[in-house]
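Here is the file start_0.pdb (PDB, C-alpha atoms).
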```
MODEL        1
ATOM      1  CA  MET E   1     122.804 102.236  32.883  1.00  0.00           C
ATOM      2  CA  SER E   2     123.397  98.539  32.281  1.00  0.00           C
ATOM      3  CA  ASP E   3     122.697  95.864  34.871  1.00  0.00           C
ATOM      4  CA  LYS E   4     125.113  93.410  33.278  1.00  0.00           C
ATOM      5  CA  VAL E   5     128.077  91.839  35.014  1.00  0.00           C
ATOM      6  CA  ALA E   6     131.308  91.243  33.114  1.00  0.00           C
ATOM      7  CA  LEU E   7     134.216  89.042  34.142  1.00  0.00           C
ATOM      8  CA  VAL E   8     137.468  90.419  32.721  1.00  0.00           C
ATOM      9  CA  THR E   9     140.728  88.507  33.042  1.00  0.00           C
ATOM     10  CA  GLY E  10     144.055  90.310  32.663  1.00  0.00           C
ATOM     11  CA  ALA E  11     142.413  93.532  33.841  1.00  0.00           C
ATOM     12  CA  SER E  12     145.481  95.060  35.477  1.00  0.00           C
ATOM     13  CA  ARG E  13     146.956  96.514  32.284  1.00  0.00           C
ATOM     14  CA  GLY E  14     146.881  96.643  28.511  1.00  0.00           C
ATOM     15  CA  ILE E  15     143.845  95.488  26.577  1.00  0.00           C
ATOM     16  CA  GLY E  16     142.222  93.908  29.632  1.00  0.00           C
ATOM     17  CA  ARG E  17     142.427  97.167  31.581  1.00  0.00           C
ATOM     18  CA  ALA E  18     141.074  99.175  28.644  1.00  0.00           C
ATOM     19  CA  ILE E  19     138.146  96.785  28.199  1.00  0.00           C
ATOM     20  CA  ALA E  20     137.346  96.806  31.926  1.00  0.00           C
ATOM     21  CA  THR E  21     137.416 100.614  31.956  1.00  0.00           C
ATOM     22  CA  THR E  22     135.126 100.794  28.908  1.00  0.00           C
ATOM     23  CA  LEU E  23     132.664  98.325  30.411  1.00  0.00           C
ATOM     24  CA  LEU E  24     132.586 100.281  33.666  1.00  0.00           C
ATOM     25  CA  ALA E  25     131.985 103.530  31.769  1.00  0.00           C
ATOM     26  CA  SER E  26     128.956 101.879  30.137  1.00  0.00           C
ATOM     27  CA  GLY E  27     127.504 101.110  33.578  1.00  0.00           C
ATOM     28  CA  ARG E  28     128.371  97.456  33.910  1.00  0.00           C
ATOM     29  CA  LYS E  29     129.665  95.859  37.063  1.00  0.00           C
ATOM     30  CA  VAL E  30     133.032  94.219  36.509  1.00  0.00           C
ATOM     31  CA  VAL E  31     134.751  91.307  38.181  1.00  0.00           C
ATOM     32  CA  ALA E  32     138.360  92.255  37.421  1.00  0.00           C
ATOM     33  CA  CYS E  33     141.004  89.513  37.608  1.00  0.00           C
ATOM     34  CA  ALA E  34     144.792  89.717  37.601  1.00  0.00           C
ATOM     35  CA  ARG E  35     147.747  87.786  38.974  1.00  0.00           C
ATOM     36  CA  ASP E  36     148.571  90.930  40.975  1.00  0.00           C
ATOM     37  CA  ALA E  37     145.219  91.972  42.435  1.00  0.00           C
ATOM     38  CA  GLY E  38     146.901  94.988  44.026  1.00  0.00           C
ATOM     39  CA  ALA E  39     147.334  96.461  40.552  1.00  0.00           C
ATOM     40  CA  LEU E  40     143.541  96.688  40.324  1.00  0.00           C
ATOM     41  CA  GLY E  41     143.179  98.967  43.352  1.00  0.00           C
ATOM     42  CA  THR E  42     142.963 102.183  41.360  1.00  0.00           C
ATOM     43  CA  LEU E  43     140.289 100.683  39.110  1.00  0.00           C
ATOM     44  CA  ALA E  44     138.180  99.707  42.113  1.00  0.00           C
ATOM     45  CA  GLU E  45     138.716 103.080  43.803  1.00  0.00           C
ATOM     46  CA  ALA E  46     137.616 104.961  40.682  1.00  0.00           C
ATOM     47  CA  HIS E  47     134.398 102.903  40.441  1.00  0.00           C
ATOM     48  CA  PRO E  48     133.154 102.195  43.981  1.00  0.00           C
ATOM     49  CA  GLY E  49     130.553  99.448  44.142  1.00  0.00           C
ATOM     50  CA  GLN E  50     131.032  98.519  40.487  1.00  0.00           C
ATOM     51  CA  VAL E  51     134.262  96.492  40.696  1.00  0.00           C
ATOM     52  CA  HIS E  52     135.031  93.250  42.457  1.00  0.00           C
ATOM     53  CA  VAL E  53     138.756  92.440  42.409  1.00  0.00           C
ATOM     54  CA  LEU E  54     140.034  88.873  42.264  1.00  0.00           C
ATOM     55  CA  ARG E  55     143.541  87.486  42.249  1.00  0.00           C
ATOM     56  CA  ALA E  56     143.764  84.893  39.495  1.00  0.00           C
ATOM     57  CA  ASP E  57     146.655  82.901  38.097  1.00  0.00           C
ATOM     58  CA  PHE E  58     145.234  80.776  35.319  1.00  0.00           C
ATOM     59  CA  THR E  59     148.433  78.759  35.019  1.00  0.00           C
ATOM     60  CA  ARG E  60     147.307  76.947  38.197  1.00  0.00           C
ATOM     61  CA  GLN E  61     145.051  73.937  37.752  1.00  0.00           C
ATOM     62  CA  GLY E  62     141.497  74.561  38.920  1.00  0.00           C
ATOM     63  CA  GLU E  63     141.928  78.332  39.136  1.00  0.00           C
ATOM     64  CA  SER E  64     139.304  79.064  36.477  1.00  0.00           C
ATOM     65  CA  LEU E  65     136.605  77.227  38.420  1.00  0.00           C
ATOM     66  CA  GLN E  66     137.492  79.049  41.632  1.00  0.00           C
ATOM     67  CA  VAL E  67     137.384  82.406  39.857  1.00  0.00           C
ATOM     68  CA  ALA E  68     134.004  81.579  38.300  1.00  0.00           C
ATOM     69  CA  ASP E  69     132.594  80.624  41.714  1.00  0.00           C
ATOM     70  CA  GLN E  70     133.912  83.843  43.291  1.00  0.00           C
ATOM     71  CA  ALA E  71     132.596  85.945  40.402  1.00  0.00           C
ATOM     72  CA  LEU E  72     129.150  84.384  40.727  1.00  0.00           C
ATOM     73  CA  ALA E  73     129.175  85.150  44.446  1.00  0.00           C
ATOM     74  CA  PHE E  74     129.673  88.872  43.642  1.00  0.00           C
ATOM     75  CA  GLU E  75     126.397  89.517  41.801  1.00  0.00           C
ATOM     76  CA  GLY E  76     124.909  86.060  41.246  1.00  0.00           C
ATOM     77  CA  ARG E  77     125.660  85.887  37.535  1.00  0.00           C
ATOM     78  CA  ILE E  78     128.154  86.541  34.758  1.00  0.00           C
ATOM     79  CA  ASP E  79     126.687  88.061  31.598  1.00  0.00           C
ATOM     80  CA  GLU E  80     129.891  88.706  29.690  1.00  0.00           C
ATOM     81  CA  LEU E  81     133.330  87.102  29.734  1.00  0.00           C
ATOM     82  CA  VAL E  82     136.455  88.782  28.384  1.00  0.00           C
ATOM     83  CA  CYS E  83     139.612  86.662  28.387  1.00  0.00           C
ATOM     84  CA  ALA E  84     142.496  89.110  28.115  1.00  0.00           C
ATOM     85  CA  ALA E  85     144.961  87.235  30.325  1.00  0.00           C
ATOM     86  CA  GLY E  86     147.966  85.805  28.586  1.00  0.00           C
ATOM     87  CA  ILE E  87     151.703  85.526  28.414  1.00  0.00           C
ATOM     88  CA  VAL E  88     153.800  86.217  25.360  1.00  0.00           C
ATOM     89  CA  GLN E  89     157.158  84.550  25.034  1.00  0.00           C
ATOM     90  CA  TYR E  90     159.543  85.757  22.376  1.00  0.00           C
ATOM     91  CA  ALA E  91     162.308  83.471  21.138  1.00  0.00           C
TER      92      ALA E  91
ENDMDL
END
```
Please express what this file holds, its structure, as structure tokens.
Amino acid sequence: MSDKVALVTGASRGIGRAIATTLLASGRKVVACARDAGALGTLAEAHPGQVHVLRADFTRQGESLQVADQALAFEGRIDELVCAAGIVQYA
């Protein structure tokens, strides 16, 4: 079992969710971020004590620093960072 802590943005669905799930399966603790933190409830319920859920909207100025501070408060460190948050706009 790993003692690492990963911060995963965009963890509510898609690639971010798949990465968070894989990291949890490997024994890591995960700070899971999404604009809709409620969408992370099932992830936290499936992995009690391993997931810390944060609401994060990185389009807001200063949000990344607040998220980093909250993530550090969870376990005291961040060993891995996965940036899977993003918006795609098609013309």
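Interatomic distance, atom CA of Ile19 of chain E against atom CA of Gln50 of chain E: 14.3 Å.
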Explicit residues for the PyMOL selection byres ((chain E and resi 47) around 12) (as a ChimeraX atom specification)
/E:20-32,40-46,48-53
Atom CA of Asp57 of chain E and atom CA of Gly86 of chain E are how many Å apart?
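Going from atom CA of Asp57 of chain E over to atom CA of Gly86 of chain E covers 10.0 Å.
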Using only the atoms of segment 31-34 of chain E listed in the file, plus 3 Å on each side, state the axis-aligned box centre and edge lengths in Å rounded to one decimal, as lines of an AutoDock Vina configuration file.
```
center_x = 139.8
center_y = 90.9
center_z = 37.8
size_x = 16.0
size_y = 8.7
size_z = 6.8
```
Output check: residues returned by the PyMOL selection byres ((chain E and resi 65-75) around 8), as a list in words:
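Residues picked by the PyMOL selection byres ((chain E and resi 65-75) around 8): Val5, Leu7, Val31, His52, Leu54, Ala56, Gly62, Glu63, Ser64, Gly76, Arg77 and Ile78 of chain E.
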Figure out the distance between atom CA of Ile15 of chain E and atom CA of Gln61 of chain E, please, to one decimal in Å.
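Calculated distance between atom CA of Gln61 of chain E and atom CA of Ile15 of chain E is 24.3 Å.
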